[in-house]
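Here is the file query_24.tsv (TSV, C-alpha atoms (C1' of nucleotides)).
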```tsv
chain	number	residue	atom	x	y	z
A	1	MET	CA	-12.22	-11.39	6.09
A	2	THR	CA	-12.67	-8.64	8.53
A	3	ASP	CA	-13.80	-9.71	11.94
A	4	GLY	CA	-17.19	-8.26	11.30
A	5	ASP	CA	-19.21	-10.64	13.36
A	6	GLU	CA	-17.63	-10.12	16.70
A	7	ARG	CA	-19.87	-8.07	18.80
A	8	SER	CA	-18.88	-8.76	22.33
A	9	SER	CA	-16.87	-6.00	23.81
A	10	SER	CA	-16.69	-3.05	25.46
A	11	THR	CA	-16.04	0.33	24.04
A	12	HIS	CA	-18.71	2.69	25.21
A	13	ARG	CA	-18.85	6.27	24.19
A	14	THR	CA	-22.20	7.68	24.90
A	15	ALA	CA	-21.08	10.86	26.54
A	16	SER	CA	-20.88	13.08	23.49
A	17	GLY	CA	-24.07	11.64	22.11
A	18	ASP	CA	-23.07	11.62	18.46
A	19	VAL	CA	-21.61	8.15	18.38
A	20	ASP	CA	-22.93	5.18	20.17
A	21	ALA	CA	-20.33	2.72	19.15
A	22	ASP	CA	-21.38	-0.25	21.20
A	23	ALA	CA	-24.56	0.40	23.02
A	24	PRO	CA	-25.62	-2.51	25.21
A	25	ALA	CA	-29.24	-2.20	24.15
A	26	ASP	CA	-28.55	-2.19	20.41
A	27	ASP	CA	-25.31	-3.48	19.10
A	28	ASP	CA	-25.96	-2.22	15.62
A	29	ALA	CA	-26.80	1.29	16.60
A	30	PRO	CA	-25.91	3.68	13.79
A	31	ALA	CA	-23.31	6.33	14.27
A	32	LEU	CA	-25.93	9.04	14.00
A	33	PRO	CA	-29.63	9.49	14.61
A	34	ASP	CA	-31.54	7.54	11.97
A	35	GLU	CA	-32.82	10.54	10.10
A	36	ASP	CA	-29.30	11.86	9.68
A	37	VAL	CA	-27.71	8.67	8.40
A	38	ASP	CA	-29.46	8.94	5.07
A	39	ALA	CA	-28.47	12.56	4.73
A	40	VAL	CA	-24.86	11.78	5.61
A	41	ARG	CA	-24.79	9.04	3.01
A	42	GLU	CA	-26.36	11.12	0.30
A	43	ALA	CA	-24.09	14.05	1.01
A	44	LEU	CA	-20.94	11.98	0.61
A	45	VAL	CA	-22.05	10.09	-2.47
A	46	GLY	CA	-23.22	13.32	-4.06
A	47	TRP	CA	-19.94	15.04	-3.31
A	48	TYR	CA	-17.97	12.14	-4.73
A	49	GLY	CA	-20.09	12.08	-7.85
A	50	GLU	CA	-19.39	15.63	-8.73
A	51	SER	CA	-15.81	16.09	-7.66
A	52	HIS	CA	-13.72	12.94	-7.53
A	53	ARG	CA	-10.33	12.53	-9.12
A	54	ASP	CA	-10.30	10.55	-12.32
A	55	PHE	CA	-7.73	7.80	-11.78
A	56	PRO	CA	-7.47	5.23	-14.56
A	57	TRP	CA	-8.29	2.31	-12.26
A	58	ARG	CA	-11.58	4.00	-11.48
A	59	ARG	CA	-12.55	3.40	-15.09
A	60	THR	CA	-12.20	-0.38	-14.99
A	61	ASP	CA	-13.96	-3.16	-13.15
A	62	ASP	CA	-11.37	-5.77	-14.01
A	63	PRO	CA	-10.48	-7.40	-10.68
A	64	TYR	CA	-6.89	-8.07	-11.74
A	65	GLU	CA	-6.33	-4.44	-12.69
A	66	ILE	CA	-8.01	-3.31	-9.49
A	67	LEU	CA	-5.84	-5.61	-7.41
A	68	VAL	CA	-2.70	-4.22	-9.03
A	69	SER	CA	-3.81	-0.67	-8.29
A	70	GLU	CA	-4.64	-1.49	-4.68
A	71	VAL	CA	-1.35	-3.21	-3.98
A	72	MET	CA	0.52	-0.29	-5.49
A	73	SER	CA	-1.57	2.25	-3.61
A	74	GLN	CA	-0.86	0.62	-0.28
A	75	GLN	CA	2.62	1.96	-0.31
A	76	THR	CA	2.90	4.78	-2.79
A	77	GLN	CA	1.21	8.13	-3.25
A	78	LEU	CA	-1.50	7.93	-5.87
A	79	GLY	CA	0.06	10.49	-8.17
A	80	ARG	CA	3.08	8.31	-8.68
A	81	VAL	CA	1.06	5.13	-9.02
A	82	VAL	CA	-0.66	6.21	-12.23
A	83	GLU	CA	2.32	5.76	-14.54
A	84	ALA	CA	3.44	2.56	-12.87
A	85	TRP	CA	-0.04	1.06	-13.01
A	86	GLU	CA	-0.44	1.81	-16.69
A	87	ALA	CA	2.94	0.33	-17.50
A	88	PHE	CA	2.28	-2.73	-15.36
A	89	VAL	CA	-1.11	-3.69	-16.81
A	90	ASP	CA	0.27	-2.92	-20.26
A	91	ARG	CA	3.13	-5.35	-19.77
A	92	TRP	CA	1.11	-7.99	-17.91
A	93	PRO	CA	-2.50	-7.42	-18.97
A	94	THR	CA	-4.05	-10.39	-17.16
A	95	ALA	CA	-3.49	-12.53	-14.11
A	96	ALA	CA	-2.53	-15.37	-16.44
A	97	ALA	CA	0.12	-13.22	-18.10
A	98	LEU	CA	1.53	-12.16	-14.76
A	99	ALA	CA	1.55	-15.72	-13.49
A	100	SER	CA	3.70	-16.71	-16.48
A	101	ALA	CA	6.24	-13.97	-15.91
A	102	ASP	CA	9.54	-14.45	-14.14
A	103	ARG	CA	9.45	-13.23	-10.59
A	104	SER	CA	12.73	-11.39	-11.16
A	105	ASP	CA	11.10	-9.36	-13.93
A	106	VAL	CA	8.19	-8.41	-11.72
A	107	VAL	CA	10.46	-7.48	-8.83
A	108	SER	CA	12.71	-5.47	-11.12
A	109	PHE	CA	9.72	-3.64	-12.54
A	110	TRP	CA	8.67	-2.78	-8.99
A	111	THR	CA	12.08	-1.42	-8.13
A	112	ASP	CA	12.48	0.44	-11.43
A	113	HIS	CA	9.23	2.27	-10.73
A	114	SER	CA	10.15	3.03	-7.13
A	115	LEU	CA	7.12	1.21	-5.82
A	116	GLY	CA	8.63	0.35	-2.47
A	117	TYR	CA	8.31	-2.98	-0.67
A	118	ASN	CA	9.44	-5.45	-3.29
A	119	ASN	CA	7.98	-8.30	-1.27
A	120	ARG	CA	4.64	-7.07	-2.55
A	121	ALA	CA	5.72	-7.61	-6.13
A	122	LYS	CA	6.43	-11.17	-5.14
A	123	TYR	CA	3.02	-11.51	-3.46
A	124	LEU	CA	1.26	-10.10	-6.51
A	125	HIS	CA	3.06	-12.54	-8.77
A	126	GLU	CA	2.19	-15.35	-6.41
A	127	ALA	CA	-1.44	-14.26	-6.18
A	128	ALA	CA	-1.67	-14.35	-9.97
A	129	GLY	CA	-0.44	-17.93	-9.81
A	130	GLN	CA	-3.05	-18.77	-7.18
A	131	VAL	CA	-5.79	-17.45	-9.44
A	132	GLN	CA	-4.69	-20.01	-12.04
A	133	THR	CA	-4.05	-22.96	-9.76
A	134	GLU	CA	-6.48	-22.54	-6.89
A	135	PHE	CA	-9.29	-20.70	-8.64
A	136	ASP	CA	-9.04	-22.31	-12.05
A	137	GLY	CA	-8.30	-19.03	-13.77
A	138	GLU	CA	-11.51	-17.44	-12.46
A	139	PHE	CA	-10.71	-14.42	-10.38
A	140	PRO	CA	-12.29	-14.76	-6.92
A	141	GLU	CA	-15.18	-12.39	-6.26
A	142	THR	CA	-15.90	-12.42	-2.56
A	143	PRO	CA	-13.87	-10.86	0.24
A	144	ALA	CA	-13.41	-14.28	1.83
A	145	GLU	CA	-12.01	-15.84	-1.33
A	146	LEU	CA	-9.94	-12.81	-2.21
A	147	SER	CA	-8.36	-12.99	1.24
A	148	GLU	CA	-6.85	-16.32	0.29
A	149	LEU	CA	-4.61	-14.61	-2.22
A	150	MET	CA	-1.09	-13.86	-1.06
A	151	GLY	CA	-0.66	-10.30	0.07
A	152	VAL	CA	-4.39	-9.68	0.22
A	153	GLY	CA	-5.59	-8.76	3.70
A	154	PRO	CA	-8.91	-7.37	4.94
A	155	TYR	CA	-8.47	-3.97	3.35
A	156	THR	CA	-7.49	-5.20	-0.11
A	157	ALA	CA	-10.08	-7.98	-0.13
A	158	ASN	CA	-12.88	-5.53	0.49
A	159	ALA	CA	-11.45	-2.97	-1.89
A	160	VAL	CA	-11.23	-5.40	-4.80
A	161	ALA	CA	-14.61	-6.94	-4.03
A	162	SER	CA	-16.08	-3.44	-3.94
A	163	PHE	CA	-14.47	-1.86	-6.97
A	164	ALA	CA	-14.60	-4.88	-9.25
A	165	PHE	CA	-17.85	-6.50	-8.13
A	166	ASN	CA	-19.66	-3.98	-5.93
A	167	ASN	CA	-19.59	-6.84	-3.50
A	168	GLY	CA	-17.48	-5.76	-0.54
A	169	ASP	CA	-17.88	-4.74	3.05
A	170	ALA	CA	-16.79	-1.32	4.25
A	171	VAL	CA	-13.06	-0.78	3.89
A	172	VAL	CA	-11.22	0.45	6.92
A	173	ASP	CA	-7.92	2.06	6.11
A	174	THR	CA	-6.23	5.00	7.78
A	175	ASN	CA	-8.27	7.42	5.68
A	176	VAL	CA	-11.52	5.93	6.90
A	177	LYS	CA	-10.33	5.83	10.50
A	178	ARG	CA	-9.29	9.46	10.42
A	179	VAL	CA	-12.57	10.57	8.91
A	180	LEU	CA	-14.73	8.63	11.37
A	181	TYR	CA	-12.60	9.65	14.30
A	182	ARG	CA	-12.84	13.32	13.45
A	183	ALA	CA	-16.36	13.55	12.17
A	184	PHE	CA	-18.21	11.28	14.56
A	185	ASP	CA	-15.84	10.95	17.48
A	186	VAL	CA	-15.44	7.22	16.93
A	187	PRO	CA	-12.89	5.97	19.46
A	188	ASP	CA	-9.51	4.84	18.20
A	189	ASP	CA	-10.20	1.13	18.26
A	190	ASP	CA	-10.09	-1.12	15.21
A	191	ARG	CA	-13.16	-3.19	15.99
A	192	THR	CA	-15.23	-0.11	16.59
A	193	PHE	CA	-14.03	1.51	13.39
A	194	GLU	CA	-15.05	-1.59	11.49
A	195	ARG	CA	-18.49	-1.73	12.98
A	196	VAL	CA	-19.25	1.94	12.52
A	197	ALA	CA	-17.89	1.93	8.98
A	198	SER	CA	-19.95	-1.10	8.14
A	199	ASN	CA	-23.14	0.39	9.57
A	200	LEU	CA	-22.60	3.63	7.76
A	201	MET	CA	-22.15	2.03	4.34
A	202	PRO	CA	-25.41	1.79	2.39
A	203	ASP	CA	-26.32	-1.78	1.47
A	204	ASP	CA	-25.05	-2.96	-1.91
A	205	GLU	CA	-23.25	0.26	-2.65
A	206	SER	CA	-19.73	-0.70	-1.68
A	207	ARG	CA	-18.25	0.43	-4.98
A	208	VAL	CA	-19.25	4.06	-4.80
A	209	TRP	CA	-19.24	4.23	-1.02
A	210	ASN	CA	-15.74	2.94	-0.42
A	211	ASN	CA	-14.41	5.09	-3.22
A	212	ALA	CA	-16.15	8.09	-1.75
A	213	ILE	CA	-15.13	7.75	1.87
A	214	MET	CA	-11.50	7.17	0.97
A	215	GLU	CA	-11.60	10.09	-1.43
A	216	LEU	CA	-12.89	12.20	1.42
A	217	GLY	CA	-10.01	11.10	3.62
A	218	GLY	CA	-7.49	11.67	0.86
A	219	VAL	CA	-8.69	15.01	-0.46
A	220	ALA	CA	-10.65	16.92	2.16
A	221	CYS	CA	-9.78	15.22	5.42
A	222	GLY	CA	-6.10	14.48	5.18
A	223	LYS	CA	-3.69	15.15	7.96
A	224	THR	CA	-4.08	18.80	7.15
A	225	PRO	CA	-7.82	19.24	6.70
A	226	ARG	CA	-9.20	21.21	3.75
A	227	CYS	CA	-12.85	21.29	4.69
A	228	ASP	CA	-13.92	24.50	3.01
A	229	GLU	CA	-11.46	24.36	0.12
A	230	GLU	CA	-12.74	20.93	-0.88
A	231	GLY	CA	-16.33	21.55	0.06
A	232	CYS	CA	-16.45	18.71	2.57
A	233	PRO	CA	-19.98	17.32	2.48
A	234	TRP	CA	-19.97	16.43	6.16
A	235	ARG	CA	-19.25	19.83	7.66
A	236	ARG	CA	-22.67	20.21	9.14
A	237	TRP	CA	-22.30	16.98	11.15
A	238	CYS	CA	-18.57	17.01	11.78
A	239	ARG	CA	-17.39	17.18	15.38
A	240	ALA	CA	-13.91	18.34	14.35
A	241	TYR	CA	-15.29	21.06	12.10
A	242	GLU	CA	-17.44	22.26	14.95
A	243	THR	CA	-14.76	22.23	17.64
A	244	GLY	CA	-11.69	22.98	15.54
A	245	ASP	CA	-9.95	19.93	16.97
A	246	PHE	CA	-8.59	18.01	13.99
A	247	THR	CA	-6.58	15.52	15.96
A	248	ALA	CA	-6.24	12.20	14.14
A	249	PRO	CA	-5.59	8.69	15.42
A	250	ASP	CA	-1.96	8.03	16.17
A	251	VAL	CA	0.02	6.46	13.38
A	252	PRO	CA	2.97	4.38	14.50
A	253	THR	CA	6.23	6.17	13.92
A	254	GLN	CA	8.88	4.59	11.76
A	255	PRO	CA	12.55	4.01	12.27
A	256	THR	CA	14.62	6.23	10.01
A	257	PHE	CA	15.11	4.85	6.54
A	258	GLU	CA	18.50	6.40	5.84
A	259	GLY	CA	21.15	3.85	6.72
A	260	SER	CA	18.61	1.16	7.55
A	261	ARG	CA	18.86	-2.42	6.43
A	262	ARG	CA	15.75	-1.81	4.38
A	263	GLN	CA	17.62	0.78	2.40
A	264	PHE	CA	20.42	-1.66	1.66
A	265	ARG	CA	18.04	-4.48	0.84
A	266	GLY	CA	16.50	-2.12	-1.69
A	267	ARG	CA	19.90	-1.31	-3.16
A	268	ILE	CA	20.80	-4.97	-3.42
A	269	VAL	CA	17.62	-5.79	-5.32
A	270	ARG	CA	18.07	-2.79	-7.57
A	271	THR	CA	21.69	-3.68	-8.32
A	272	LEU	CA	20.99	-7.35	-8.93
A	273	GLY	CA	18.31	-6.28	-11.38
A	274	GLU	CA	21.06	-4.75	-13.49
A	275	TYR	CA	23.30	-7.82	-13.55
A	276	ASP	CA	22.84	-11.48	-14.17
A	277	GLU	CA	24.86	-12.44	-11.14
A	278	LEU	CA	27.37	-10.80	-8.83
A	279	THR	CA	29.76	-12.17	-6.24
A	280	VAL	CA	29.50	-10.78	-2.75
A	281	ASP	CA	32.61	-8.69	-3.23
A	282	GLU	CA	31.36	-7.37	-6.57
A	283	LEU	CA	28.06	-6.47	-5.05
A	284	GLY	CA	29.35	-4.83	-1.88
A	285	PRO	CA	30.98	-1.72	-3.40
A	286	ARG	CA	27.92	-1.15	-5.56
A	287	ILE	CA	25.60	-0.81	-2.64
A	288	ARG	CA	27.79	1.16	-0.28
A	289	VAL	CA	30.94	3.16	-0.96
A	290	ASP	CA	32.56	2.18	2.31
A	291	TYR	CA	32.27	-1.54	1.67
A	292	ALA	CA	35.38	-3.39	2.79
A	293	PRO	CA	35.31	-7.19	2.73
A	294	ASP	CA	36.65	-7.54	6.25
A	295	GLY	CA	35.30	-4.28	7.61
A	296	GLU	CA	32.30	-3.62	9.78
A	297	HIS	CA	30.09	-3.54	6.74
A	298	GLY	CA	31.77	-6.29	4.78
A	299	ARG	CA	31.11	-9.83	3.65
A	300	GLU	CA	29.62	-10.90	6.94
A	301	TRP	CA	27.14	-8.07	6.95
A	302	LEU	CA	26.26	-8.43	3.29
A	303	ARG	CA	25.81	-12.18	3.50
A	304	GLY	CA	23.36	-11.60	6.31
A	305	LEU	CA	21.24	-9.35	4.13
A	306	LEU	CA	21.46	-11.75	1.22
A	307	SER	CA	20.46	-14.63	3.40
A	308	ASP	CA	17.36	-12.73	4.55
A	309	LEU	CA	16.53	-11.85	0.96
A	310	ALA	CA	16.92	-15.51	0.07
A	311	ASP	CA	14.57	-16.46	2.91
A	312	ASP	CA	12.12	-13.94	1.50
A	313	GLY	CA	12.35	-15.69	-1.86
A	314	LEU	CA	13.72	-12.68	-3.67
A	315	VAL	CA	17.34	-13.70	-4.15
A	316	ASP	CA	19.29	-16.87	-4.79
A	317	VAL	CA	22.75	-17.29	-3.31
A	318	VAL	CA	24.92	-19.70	-5.25
A	319	GLU	CA	28.48	-20.91	-5.12
A	320	ARG	CA	30.74	-19.91	-7.97
A	321	ASP	CA	34.42	-20.95	-7.85
A	322	GLY	CA	34.23	-21.37	-4.10
A	323	GLU	CA	32.79	-17.88	-3.76
A	324	SER	CA	29.26	-16.79	-2.95
A	325	ALA	CA	27.36	-15.04	-5.67
A	326	ALA	CA	23.84	-13.63	-5.75
A	327	ARG	CA	21.16	-13.21	-8.34
A	328	LEU	CA	17.50	-12.33	-8.41
A	329	ARG	CA	15.27	-15.37	-8.09
A	330	ARG	CA	13.43	-16.11	-11.31
B	1	DT	C1'	13.01	15.20	9.04
B	2	DT	C1'	8.74	13.51	8.84
B	3	DC	C1'	5.00	11.50	6.38
B	4	DC	C1'	2.73	7.84	4.04
B	5	DC	C1'	0.64	2.59	5.16
B	6	DG	C1'	-1.53	-2.70	4.81
B	7	DT	C1'	0.23	-7.43	5.24
B	8	DA	C1'	2.99	-11.26	6.75
B	9	DT	C1'	5.61	-13.13	10.12
B	10	DT	C1'	6.98	-14.30	14.62
C	1	DA	C1'	1.35	-7.53	20.16
C	2	DA	C1'	5.37	-6.14	17.99
C	3	DT	C1'	8.26	-5.74	14.05
C	4	DA	C1'	9.92	-5.73	9.23
C	5	DC	C1'	9.25	-3.86	5.08
C	6	DG	C1'	10.91	1.04	0.27
C	7	DG	C1'	11.71	5.18	-1.21
C	8	DG	C1'	9.72	9.51	-3.15
C	9	DA	C1'	7.54	13.62	-1.63
C	10	DA	C1'	6.03	17.22	1.48
```
As structure tokens:
Amino acid sequence: MTDGDERSSSTHRTASGDVDADAPADDDAPALPDEDVDAVREALVGWYGESHRDFPWRRTDDPYEILVSEVMSQQTQLGRVVEAWEAFVDRWPTAAALASADRSDVVSFWTDHSLGYNNRAKYLHEAAGQVQTEFDGEFPETPAELSELMGVGPYTANAVASFAFNNGDAVVDTNVKRVLYRAFDVPDDDRTFERVASNLMPDDESRVWNNAIMELGGVACGKTPRCDEEGCPWRRWCRAYETGDFTAPDVPTQPTFEGSRRQFRGRIVRTLGEYDELTVDELGPRIRVDYAPDGEHGREWLRGLLSDLADDGLVDVVERDGESAARLRR
DNA sequence: TTCCCGTATT
DNA sequence: AATACGGGAA
């Protein structure tokens, strides 16, 4: 669940007049004057209706298929997700089918399709199991229940509830934050984003609304805005369009990937997907050319990575002839 | 090089 | 509150 019911604090932004995020007199004050809220809503839904991209997961309301698409989309650009999603739901068409699969197969699929964080493949597999064991094979339908599934946080819970059941609250991802921040000067504060997003969403229209506002953030209001090119439906209300200041909320910067332990974890998982089992010294040279058993990046270093991967439940480390060997966990 | 990005864990 | 987590694409 999102923390939608907390209304206590403190962010006041009345100065510019176009957002009253937390007015003392009326906690649920809309982001715009009443007469404009309807127009803002209609403009966005209308724009989405006539111009949205036609992704395959937008043609299904199967919650399992939606969940798969959301988990993939959290980490990978949508263009690349299409092929992977089709192959995934083709291979494991239902939550029950996925739950019966070997974890190693799901993780290898993830890696083979360059889907990033392989922990999420594990979560998805685990969530499919939860649907069988904790929900009796009936896919949960509310954000609160969906949140109980492994790997499903506030964003994904509301996305699946919305797109499968038209039953979600407003999603708040970085697209939504950027759009609200630019258009209505909403301050960069998670609680405020949630409240404004929730107030802006028309009742019982989470499916089209959440699709539309994220489409806006992805197509017209990305880091580089394309307001006129994409015919942004909010130009007449948009603070950024008016002022020319398209600053977006800060996104935390990442440590470099090249040479990182994440990179080598990825290589280990990829390599182990190609073999039944490898000893540490067989594995080492396959993940870095300068592997030397007693060198700086040798057994010690590699065993550390393997031990973390084992803690994550992705790898098993076994003893074979007094030597450590690794394999993907089934 | 930088960007993308939600969740779990600590 | 901070950190770990993948890897292709822009």
message: Given all atoms listed in the file as the basis, pick out the residue of A:Ser147, A:Thr142, A:Ser260, A:Asn167 nearest to chain B.
response: A:Ser147
Set the cut-off to 9 Å and count all atoms listed in the file: what are the residues of chain A that reach chain B? Output as an mmCIF file with C-alpha atoms, keeping the file's coordinate frame.
```cif
data_model
loop_
_atom_site.group_PDB
_atom_site.id
_atom_site.type_symbol
_atom_site.label_atom_id
_atom_site.label_comp_id
_atom_site.auth_asym_id
_atom_site.auth_seq_id
_atom_site.Cartn_x
_atom_site.Cartn_y
_atom_site.Cartn_z
ATOM 1 C CA VAL A 71 -1.350 -3.210 -3.980
ATOM 2 C CA GLN A 74 -0.860 0.620 -0.280
ATOM 3 C CA GLN A 75 2.620 1.960 -0.310
ATOM 4 C CA THR A 76 2.900 4.780 -2.790
ATOM 5 C CA GLN A 77 1.210 8.130 -3.250
ATOM 6 C CA ARG A 120 4.640 -7.070 -2.550
ATOM 7 C CA GLY A 151 -0.660 -10.300 0.070
ATOM 8 C CA VAL A 152 -4.390 -9.680 0.220
ATOM 9 C CA GLY A 153 -5.590 -8.760 3.700
ATOM 10 C CA PRO A 154 -8.910 -7.370 4.940
ATOM 11 C CA TYR A 155 -8.470 -3.970 3.350
ATOM 12 C CA THR A 156 -7.490 -5.200 -0.110
ATOM 13 C CA ASP A 173 -7.920 2.060 6.110
ATOM 14 C CA THR A 174 -6.230 5.000 7.780
#
```
- request: Rounded to one decimal place, report the atom CA of Arg329 of chain A-atom CA of Gly313 of chain A distance in Å.
  value: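 Atom-to-atom, atom CA of Arg329 of chain A and atom CA of Gly313 of chain A are spaced 6.9 Å apart.
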Please produce, as CSV, a per-residue contact table for chain C versus chain A (criterion: any atom at most 6 Å away, all atoms listed in the file considered), showing the nearest atom pair and its distance in Å to one decimal, sorted by chain then residue number.
```
residue,atom,partner,partner_atom,distance
C:DC5,C1',A:Tyr117,CA,5.9
C:DG6,C1',A:Gly116,CA,3.6
C:DG7,C1',A:Gly116,CA,5.9
```
- prompt: In Å, with one decimal, what is the gap from atom CA of Pro63 of chain A to atom CA of Val160 of chain A?
  reply: 6.3 Å
query: How far is it from atom CA of Arg195 of chain A to atom CA of Ala170 of chain A, in Å with one decimal?
result: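 Straight-line distance from atom CA of Arg195 of chain A to atom CA of Ala170 of chain A works out to 8.9 Å.
Proximity to DA2 of chain C was assessed for A:Gly273, A:Gly49, A:Pro252, A:Gly284 counting only C-alpha atoms (C1' of nucleotides); the smallest distance is recorded for A:Pro252.
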